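Visitor: Sharing final-v3.cif (mmCIF, C-alpha atoms and all ligand atoms) below.
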data_work
#
loop_
_atom_site.group_PDB
_atom_site.id
_atom_site.type_symbol
_atom_site.label_atom_id
_atom_site.label_comp_id
_atom_site.auth_asym_id
_atom_site.auth_seq_id
_atom_site.Cartn_x
_atom_site.Cartn_y
_atom_site.Cartn_z
ATOM 1 C CA MET U 49 -0.538 44.689 64.856
ATOM 2 C CA GLU U 50 0.407 44.083 61.259
ATOM 3 C CA THR U 51 3.912 45.558 60.881
ATOM 4 C CA LEU U 52 5.675 46.414 57.648
ATOM 5 C CA VAL U 53 9.333 47.459 57.748
ATOM 6 C CA VAL U 54 9.920 49.107 54.384
ATOM 7 C CA ASP U 55 12.982 47.535 52.814
ATOM 8 C CA HIS U 56 14.239 49.991 50.186
ATOM 9 C CA PRO U 57 17.733 51.393 49.614
ATOM 10 C CA LEU U 58 16.516 54.998 49.364
ATOM 11 C CA VAL U 59 14.651 54.676 52.656
ATOM 12 C CA ALA U 60 17.746 53.161 54.269
ATOM 13 C CA HIS U 61 19.967 55.927 52.874
ATOM 14 C CA LYS U 62 17.749 58.764 54.079
ATOM 15 C CA LEU U 63 17.272 57.122 57.471
ATOM 16 C CA THR U 64 21.029 56.777 57.927
ATOM 17 C CA VAL U 65 21.541 60.509 57.361
ATOM 18 C CA LEU U 66 18.596 61.269 59.646
ATOM 19 C CA ARG U 67 20.158 59.228 62.461
ATOM 20 C CA ASP U 68 23.521 61.016 62.178
ATOM 21 C CA ALA U 69 23.981 63.341 65.173
ATOM 22 C CA ASP U 70 25.777 65.803 62.846
ATOM 23 C CA THR U 71 22.667 66.289 60.678
ATOM 24 C CA ASP U 72 21.272 69.769 61.340
ATOM 25 C CA SER U 73 17.578 70.628 61.866
ATOM 26 C CA PRO U 74 16.858 71.926 58.332
ATOM 27 C CA THR U 75 18.292 68.731 56.819
ATOM 28 C CA PHE U 76 16.520 66.594 59.423
ATOM 29 C CA ARG U 77 13.178 68.229 58.556
ATOM 30 C CA ARG U 78 13.718 67.701 54.828
ATOM 31 C CA LEU U 79 14.673 64.049 55.279
ATOM 32 C CA ALA U 80 11.724 63.334 57.577
ATOM 33 C CA ASP U 81 9.469 64.876 54.933
ATOM 34 C CA GLU U 82 11.000 62.790 52.146
ATOM 35 C CA LEU U 83 10.890 59.588 54.208
ATOM 36 C CA VAL U 84 7.244 59.912 55.091
ATOM 37 C CA THR U 85 6.323 60.207 51.431
ATOM 38 C CA LEU U 86 8.144 56.956 50.700
ATOM 39 C CA LEU U 87 6.529 55.215 53.685
ATOM 40 C CA ALA U 88 3.106 56.626 52.846
ATOM 41 C CA TYR U 89 3.292 55.014 49.426
ATOM 42 C CA GLU U 90 3.287 51.629 51.187
ATOM 43 C CA ALA U 91 0.957 52.696 54.007
ATOM 44 C CA THR U 92 -1.775 53.753 51.575
ATOM 45 C CA ARG U 93 -1.743 50.474 49.672
ATOM 46 C CA HIS U 94 -5.184 49.694 51.182
ATOM 47 C CA VAL U 95 -6.677 53.165 50.812
ATOM 48 C CA ARG U 96 -10.313 52.868 49.764
ATOM 49 C CA VAL U 97 -11.199 53.852 46.220
ATOM 50 C CA SER U 98 -14.374 53.909 44.129
ATOM 51 C CA GLU U 99 -14.558 52.947 40.504
ATOM 52 C CA VAL U 100 -15.221 55.811 38.102
ATOM 53 C CA THR U 101 -15.167 56.431 34.384
ATOM 54 C CA VAL U 102 -13.511 59.496 32.858
ATOM 55 C CA ASP U 103 -13.472 60.680 29.285
ATOM 56 C CA THR U 104 -9.955 60.932 27.905
ATOM 57 C CA PRO U 105 -9.554 63.031 24.724
ATOM 58 C CA VAL U 106 -9.889 59.701 22.888
ATOM 59 C CA ALA U 107 -12.373 57.453 24.706
ATOM 60 C CA PRO U 108 -13.933 56.641 28.081
ATOM 61 C CA ALA U 109 -11.496 55.047 30.548
ATOM 62 C CA LYS U 110 -12.298 53.128 33.677
ATOM 63 C CA GLY U 111 -10.333 54.184 36.743
ATOM 64 C CA VAL U 112 -10.622 54.900 40.444
ATOM 65 C CA ARG U 113 -10.850 57.885 42.761
ATOM 66 C CA LEU U 114 -10.411 58.068 46.517
ATOM 67 C CA ALA U 115 -13.637 56.950 48.167
ATOM 68 C CA HIS U 116 -15.677 59.209 50.455
ATOM 69 C CA PRO U 117 -15.202 60.019 53.258
ATOM 70 C CA HIS U 118 -11.613 60.852 52.406
ATOM 71 C CA PRO U 119 -8.896 59.645 54.791
ATOM 72 C CA LEU U 120 -8.017 61.492 57.971
ATOM 73 C CA VAL U 121 -4.360 62.177 58.751
ATOM 74 C CA VAL U 122 -3.521 62.655 62.439
ATOM 75 C CA PRO U 123 -0.053 63.937 63.358
ATOM 76 C CA ILE U 124 0.837 63.476 67.025
ATOM 77 C CA LEU U 125 2.253 66.835 68.103
ATOM 78 C CA ARG U 126 4.904 67.915 68.303
ATOM 79 C CA ALA U 127 7.213 65.622 66.338
ATOM 80 C CA GLY U 128 4.431 64.222 64.137
ATOM 81 C CA LEU U 129 4.056 67.677 62.550
ATOM 82 C CA GLY U 130 7.339 66.978 60.768
ATOM 83 C CA MET U 131 5.559 64.228 58.855
ATOM 84 C CA LEU U 132 2.346 66.067 57.964
ATOM 85 C CA ASP U 133 3.367 67.810 54.738
ATOM 86 C CA GLY U 134 4.767 64.586 53.298
ATOM 87 C CA MET U 135 1.429 62.876 53.956
ATOM 88 C CA THR U 136 -0.777 65.621 52.567
ATOM 89 C CA ARG U 137 1.411 65.871 49.471
ATOM 90 C CA LEU U 138 0.433 62.285 48.702
ATOM 91 C CA LEU U 139 -3.154 62.638 49.985
ATOM 92 C CA PRO U 140 -4.049 66.258 49.200
ATOM 93 C CA THR U 141 -7.772 65.761 49.840
ATOM 94 C CA ALA U 142 -7.267 64.137 53.244
ATOM 95 C CA GLU U 143 -8.635 65.929 56.272
ATOM 96 C CA VAL U 144 -6.241 66.587 59.128
ATOM 97 C CA GLY U 145 -6.936 66.127 62.844
ATOM 98 C CA PHE U 146 -4.506 66.847 65.662
ATOM 99 C CA LEU U 147 -3.497 65.082 68.841
ATOM 100 C CA GLY U 148 -1.040 66.810 71.155
ATOM 101 C CA MET U 149 0.699 64.302 73.375
ATOM 102 C CA ILE U 150 3.860 64.363 75.415
ATOM 103 C CA ARG U 151 5.646 61.556 77.159
ATOM 104 C CA ASN U 152 6.501 62.319 80.765
ATOM 105 C CA GLU U 153 10.244 61.641 80.671
ATOM 106 C CA SER U 154 10.282 60.476 84.329
ATOM 107 C CA THR U 155 7.369 58.022 84.238
ATOM 108 C CA LEU U 156 7.391 57.423 80.421
ATOM 109 C CA GLN U 157 3.582 57.795 80.549
ATOM 110 C CA ALA U 158 1.910 59.661 77.681
ATOM 111 C CA GLU U 159 -0.141 62.746 78.528
ATOM 112 C CA THR U 160 -2.631 64.343 76.134
ATOM 113 C CA TYR U 161 -2.657 68.155 76.026
ATOM 114 C CA ALA U 162 -4.628 68.877 72.845
ATOM 115 C CA THR U 163 -7.263 67.192 70.704
ATOM 116 C CA ARG U 164 -8.823 68.533 67.522
ATOM 117 C CA LEU U 165 -10.498 65.676 65.710
ATOM 118 C CA PRO U 166 -13.869 64.989 64.088
ATOM 119 C CA ASP U 167 -16.343 63.654 66.710
ATOM 120 C CA ASP U 168 -17.390 60.722 64.544
ATOM 121 C CA LEU U 169 -14.687 58.668 62.881
ATOM 122 C CA SER U 170 -16.851 55.715 61.898
ATOM 123 C CA GLY U 171 -16.140 54.606 58.358
ATOM 124 C CA ARG U 172 -12.958 56.732 58.162
ATOM 125 C CA GLN U 173 -9.542 55.441 57.302
ATOM 126 C CA VAL U 174 -7.110 57.097 59.689
ATOM 127 C CA TYR U 175 -3.348 57.545 59.206
ATOM 128 C CA VAL U 176 -1.513 58.436 62.417
ATOM 129 C CA VAL U 177 1.948 59.926 61.933
ATOM 130 C CA ASP U 178 4.616 60.112 64.621
ATOM 131 C CA PRO U 179 8.341 59.581 64.009
ATOM 132 C CA MET U 180 8.964 57.406 67.088
ATOM 133 C CA LEU U 181 7.325 54.285 68.494
ATOM 134 C CA ALA U 182 9.348 53.712 71.673
ATOM 135 C CA THR U 183 7.504 52.242 74.702
ATOM 136 C CA GLY U 184 4.288 52.400 72.663
ATOM 137 C CA GLY U 185 2.441 54.360 75.355
ATOM 138 C CA THR U 186 1.837 57.384 73.126
ATOM 139 C CA LEU U 187 0.657 55.494 70.048
ATOM 140 C CA ALA U 188 -1.544 53.144 72.087
ATOM 141 C CA ALA U 189 -3.239 56.086 73.839
ATOM 142 C CA ALA U 190 -3.701 57.872 70.496
ATOM 143 C CA ILE U 191 -5.270 54.842 68.828
ATOM 144 C CA GLU U 192 -7.478 54.161 71.863
ATOM 145 C CA PHE U 193 -8.751 57.732 71.478
ATOM 146 C CA LEU U 194 -9.471 57.173 67.769
ATOM 147 C CA PHE U 195 -11.275 53.888 68.517
ATOM 148 C CA GLU U 196 -13.456 55.665 71.101
ATOM 149 C CA ARG U 197 -14.580 57.995 68.313
ATOM 150 C CA GLY U 198 -15.495 55.072 66.086
ATOM 151 C CA ALA U 199 -12.399 54.561 63.940
ATOM 152 C CA ASP U 200 -11.931 50.970 62.879
ATOM 153 C CA ASP U 201 -9.200 51.243 60.270
ATOM 154 C CA VAL U 202 -5.987 52.774 61.622
ATOM 155 C CA THR U 203 -2.540 52.775 60.057
ATOM 156 C CA ALA U 204 0.392 54.247 61.976
ATOM 157 C CA ILE U 205 3.429 55.545 60.108
ATOM 158 C CA CYS U 206 6.568 55.848 62.229
ATOM 159 C CA LEU U 207 10.097 56.503 61.072
ATOM 160 C CA LEU U 208 11.506 54.195 63.769
ATOM 161 C CA ALA U 209 10.062 51.534 66.032
ATOM 162 C CA ALA U 210 11.394 49.587 69.012
ATOM 163 C CA PRO U 211 10.502 45.931 69.642
ATOM 164 C CA GLU U 212 9.208 46.901 73.104
ATOM 165 C CA GLY U 213 6.728 49.330 71.539
ATOM 166 C CA ILE U 214 5.441 46.778 69.065
ATOM 167 C CA ALA U 215 4.995 44.211 71.875
ATOM 168 C CA TYR U 216 3.140 46.833 73.937
ATOM 169 C CA MET U 217 0.803 47.611 71.037
ATOM 170 C CA ASP U 218 0.158 43.918 70.421
ATOM 171 C CA ALA U 219 -0.743 43.378 74.086
ATOM 172 C CA ALA U 220 -2.827 46.556 74.328
ATOM 173 C CA PHE U 221 -5.012 45.718 71.346
ATOM 174 C CA ALA U 222 -5.022 41.909 71.483
ATOM 175 C CA GLY U 223 -8.573 40.737 70.952
ATOM 176 C CA SER U 224 -9.849 44.246 70.130
ATOM 177 C CA GLY U 225 -10.959 42.866 66.775
ATOM 178 C CA ARG U 226 -9.901 46.102 65.120
ATOM 179 C CA PRO U 227 -6.925 45.782 62.812
ATOM 180 C CA ILE U 228 -4.026 48.175 63.247
ATOM 181 C CA ARG U 229 -1.209 48.465 60.756
ATOM 182 C CA LEU U 230 2.249 49.925 61.337
ATOM 183 C CA VAL U 231 4.537 51.017 58.534
ATOM 184 C CA THR U 232 8.058 51.971 59.583
ATOM 185 C CA ALA U 233 11.468 52.559 58.039
ATOM 186 C CA ALA U 234 13.306 50.421 60.622
ATOM 187 C CA LEU U 235 12.839 48.214 63.630
ATOM 188 C CA ASP U 236 15.700 49.079 65.985
ATOM 189 C CA GLU U 237 17.374 46.960 68.685
ATOM 190 C CA ARG U 238 15.843 48.050 71.988
ATOM 191 C CA LEU U 239 15.111 50.888 74.395
ATOM 192 C CA ASN U 240 17.721 52.242 76.774
ATOM 193 C CA GLU U 241 17.107 52.934 80.482
ATOM 194 C CA HIS U 242 15.644 56.359 79.602
ATOM 195 C CA GLY U 243 13.128 54.906 77.144
ATOM 196 C CA TYR U 244 15.065 56.090 74.086
ATOM 197 C CA ILE U 245 15.325 53.927 71.002
ATOM 198 C CA VAL U 246 18.774 52.368 70.465
ATOM 199 C CA PRO U 247 20.484 53.199 68.172
ATOM 200 C CA GLY U 248 17.560 55.468 67.230
ATOM 201 C CA LEU U 249 18.029 59.111 66.313
ATOM 202 C CA GLY U 250 17.631 60.871 69.655
ATOM 203 C CA ASP U 251 14.652 63.086 70.492
ATOM 204 C CA ALA U 252 12.798 63.525 67.220
ATOM 205 C CA GLY U 253 10.918 66.638 68.359
ATOM 206 C CA ASP U 254 14.090 68.355 69.509
ATOM 207 C CA ARG U 255 15.928 67.464 66.321
ATOM 208 C CA LEU U 256 13.062 68.809 64.196
ATOM 209 C CA TYR U 257 12.274 71.951 66.131
ATOM 210 C CA GLY U 258 14.994 72.528 68.722
ATOM 211 C CA VAL U 259 15.013 71.985 72.474
ATOM 212 C CA VAL U 260 12.121 73.746 74.255
HETATM 213 O O1 LIG Z 301 6.414 55.341 72.487
HETATM 214 P P1 LIG Z 301 6.618 56.341 73.560
HETATM 215 O O2 LIG Z 301 7.519 55.833 74.656
HETATM 216 O O3 LIG Z 301 5.328 56.860 74.116
HETATM 217 O O4 LIG Z 301 7.437 57.572 72.964
HETATM 218 C C1 LIG Z 301 7.196 58.071 71.695
HETATM 219 C C2 LIG Z 301 6.740 59.509 71.751
HETATM 220 O O5 LIG Z 301 7.822 60.343 72.201
HETATM 221 C C3 LIG Z 301 8.021 61.399 71.252
HETATM 222 O O6 LIG Z 301 7.255 62.507 71.537
HETATM 223 P P2 LIG Z 301 7.555 63.431 72.823
HETATM 224 O O7 LIG Z 301 6.802 62.926 74.020
HETATM 225 O O8 LIG Z 301 9.030 63.600 72.975
HETATM 226 O O9 LIG Z 301 6.873 64.799 72.432
HETATM 227 P P3 LIG Z 301 7.334 65.872 71.311
HETATM 228 O O10 LIG Z 301 6.824 65.348 70.025
HETATM 229 O O11 LIG Z 301 6.665 67.117 71.734
HETATM 230 O O12 LIG Z 301 8.823 65.982 71.341
HETATM 231 C C4 LIG Z 301 7.600 60.773 69.958
HETATM 232 O O13 LIG Z 301 7.359 61.720 68.946
HETATM 233 C C5 LIG Z 301 6.387 59.976 70.355
HETATM 234 O O14 LIG Z 301 5.204 60.747 70.391
HETATM 235 O O1 LIG Z 302 14.101 57.535 71.054
HETATM 236 C C1 LIG Z 302 13.085 58.246 71.289
HETATM 237 C C2 LIG Z 302 12.059 57.833 72.155
HETATM 238 C C3 LIG Z 302 11.004 58.645 72.352
HETATM 239 N N1 LIG Z 302 10.956 59.846 71.729
HETATM 240 C C4 LIG Z 302 11.918 60.253 70.902
HETATM 241 O O2 LIG Z 302 11.853 61.345 70.330
HETATM 242 N N2 LIG Z 302 12.986 59.452 70.699
HETATM 243 MG MG MG Z 303 10.218 64.835 72.135
#
Show me the file's structure as C-alpha cells.
Ligand SMILES: O=P(O)(O)OC[C@H]1O[C@H](OP(=O)(O)OP(=O)(O)O)[C@H](O)[C@@H]1O
Ligand SMILES: O=c1cc[nH]c(=O)[nH]1
Ligand SMILES: [Mg+2]
Guide:
Amino acid sequence: METLVVDHPLVAHKLTVLRDADTDSPTFRRLADELVTLLAYEATRHVRVSEVTVDTPVAPAKGVRLAHPHPLVVPILRAGLGMLDGMTRLLPTAEVGFLGMIRNESTLQAETYATRLPDDLSGRQVYVVDPMLATGGTLAAAIEFLFERGADDVTAICLLAAPEGIAYMDAAFAGSGRPIRLVTAALDERLNEHGYIVPGLGDAGDRLYGVV
C-alpha cells in the first residue's frame, strides 16, 4: 500500500486539538471536517480529468474537468460520516456509497451491517473515508468488498493510522496487483491491548457522535 503521511503544520495543529481528550464533540466534528479537506487535497492528486476548452470573456482557454464516471466517495459508518462533508465539499459531483461496519471489540473482527454501493465499480476511482486505521480489519474488508464489485483504483483517507494496520493491509493485498493508496495525517506508535491506537484519539465514533 502506498502510504502518504501529510506533513503540514496546519494538519499537525488541527490533529493535536482533535487528540485532546478535553475537545468536545462539536469541536471534534469541525476539526475532522477541516482535516479531511486538507488530506483530500493530497488524496485527489491522481483524480482523473479530461482535457476541455472553455471560452473566457477574452479567448478560448485549455483546461480540465473531472473525467466520467465521477469519483465515488465511501464513508465507513459510523465514524466515516464525520469525514463525508469535507470530501464532498472538494468533490461536489462525486457519488456517495455507504458501508456500515463495526469492529467487534472482543474479537477485533470487522462486521458489515449495511451496504449501499453501485453494483459495478469498474473504471471508478473510489475514495474510502474512515478516521481510524487500527488493526486494519475494517479497511481491508471494505476494500475487498470494493474489489469484488470491480474497483481497481482505491484511495483510503484516514485521520490516524497504526503501523499494525498498515502491515495488515500490505499482507492482505500483497500480490493483488491492484494499487491501494492511503493518505493520513499521522502514523502513530502502536496499538494497545484493546486494539486502540496509541496515543491516538480514543474512539472516533464516540467522540463524533457520543457513546451509543
Ligand atoms: O482497523 P480496525 O481495528 O478494524 O478499527 C478501525 C475501525 O474502528 C472504528 O469504527 P468502529 O468499529 O468503532 O465503529 P463506529 O464507526 O460505529 O464507531 C473506526 O472508525 C474504524 O472503522
Ligand atoms: O483507536 C481506535 C481504534 C479503533 N477505533 C477507534 O475509534 N479508535
Ligand atoms: Mg467506534
Visitor: Report the distance between CA of Ala209 (chain U) and CA of Tyr244 (chain U) in Å, rounded to one decimal place.
Guide: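 Going from CA of Ala209 (chain U) over to CA of Tyr244 (chain U) covers 10.5 Å.
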Visitor: Tell me which residues the PyMOL selection byres (((chain U and resi 186) around 10) and not hetatm) grabs here, as a PyMOL selection string.
Guide: chain U and resi 124+149-151+156-160+178+180-185+187-192+213
Visitor: Please write the residues picked by the PyMOL selection byres (((not hetatm)) within 9 of (chain Z and resi 302)) on this file as a PyMOL selection string.
Guide: chain U and resi 127+151+153+156+179-183+208-210+239-240+242-255
Visitor: Listed atoms of ligand LIG 301 (chain Z), axis-aligned box, 4 Å per side: centre and edge lengths to one decimal in Å, as lines of an AutoDock Vina configuration file?
Guide:
center_x = 7.1
center_y = 61.2
center_z = 71.8
size_x = 11.8
size_y = 19.8
size_z = 13.7
Visitor: Return the single residue from U:Val174, U:Met217, U:Leu125, U:Ala60 that is closest to ligand LIG 301 (chain Z), with distances computed using only C-alpha atoms and all ligand atoms.
Guide: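 Among the listed residues, U:Leu125 lies closest to ligand LIG 301 (chain Z).
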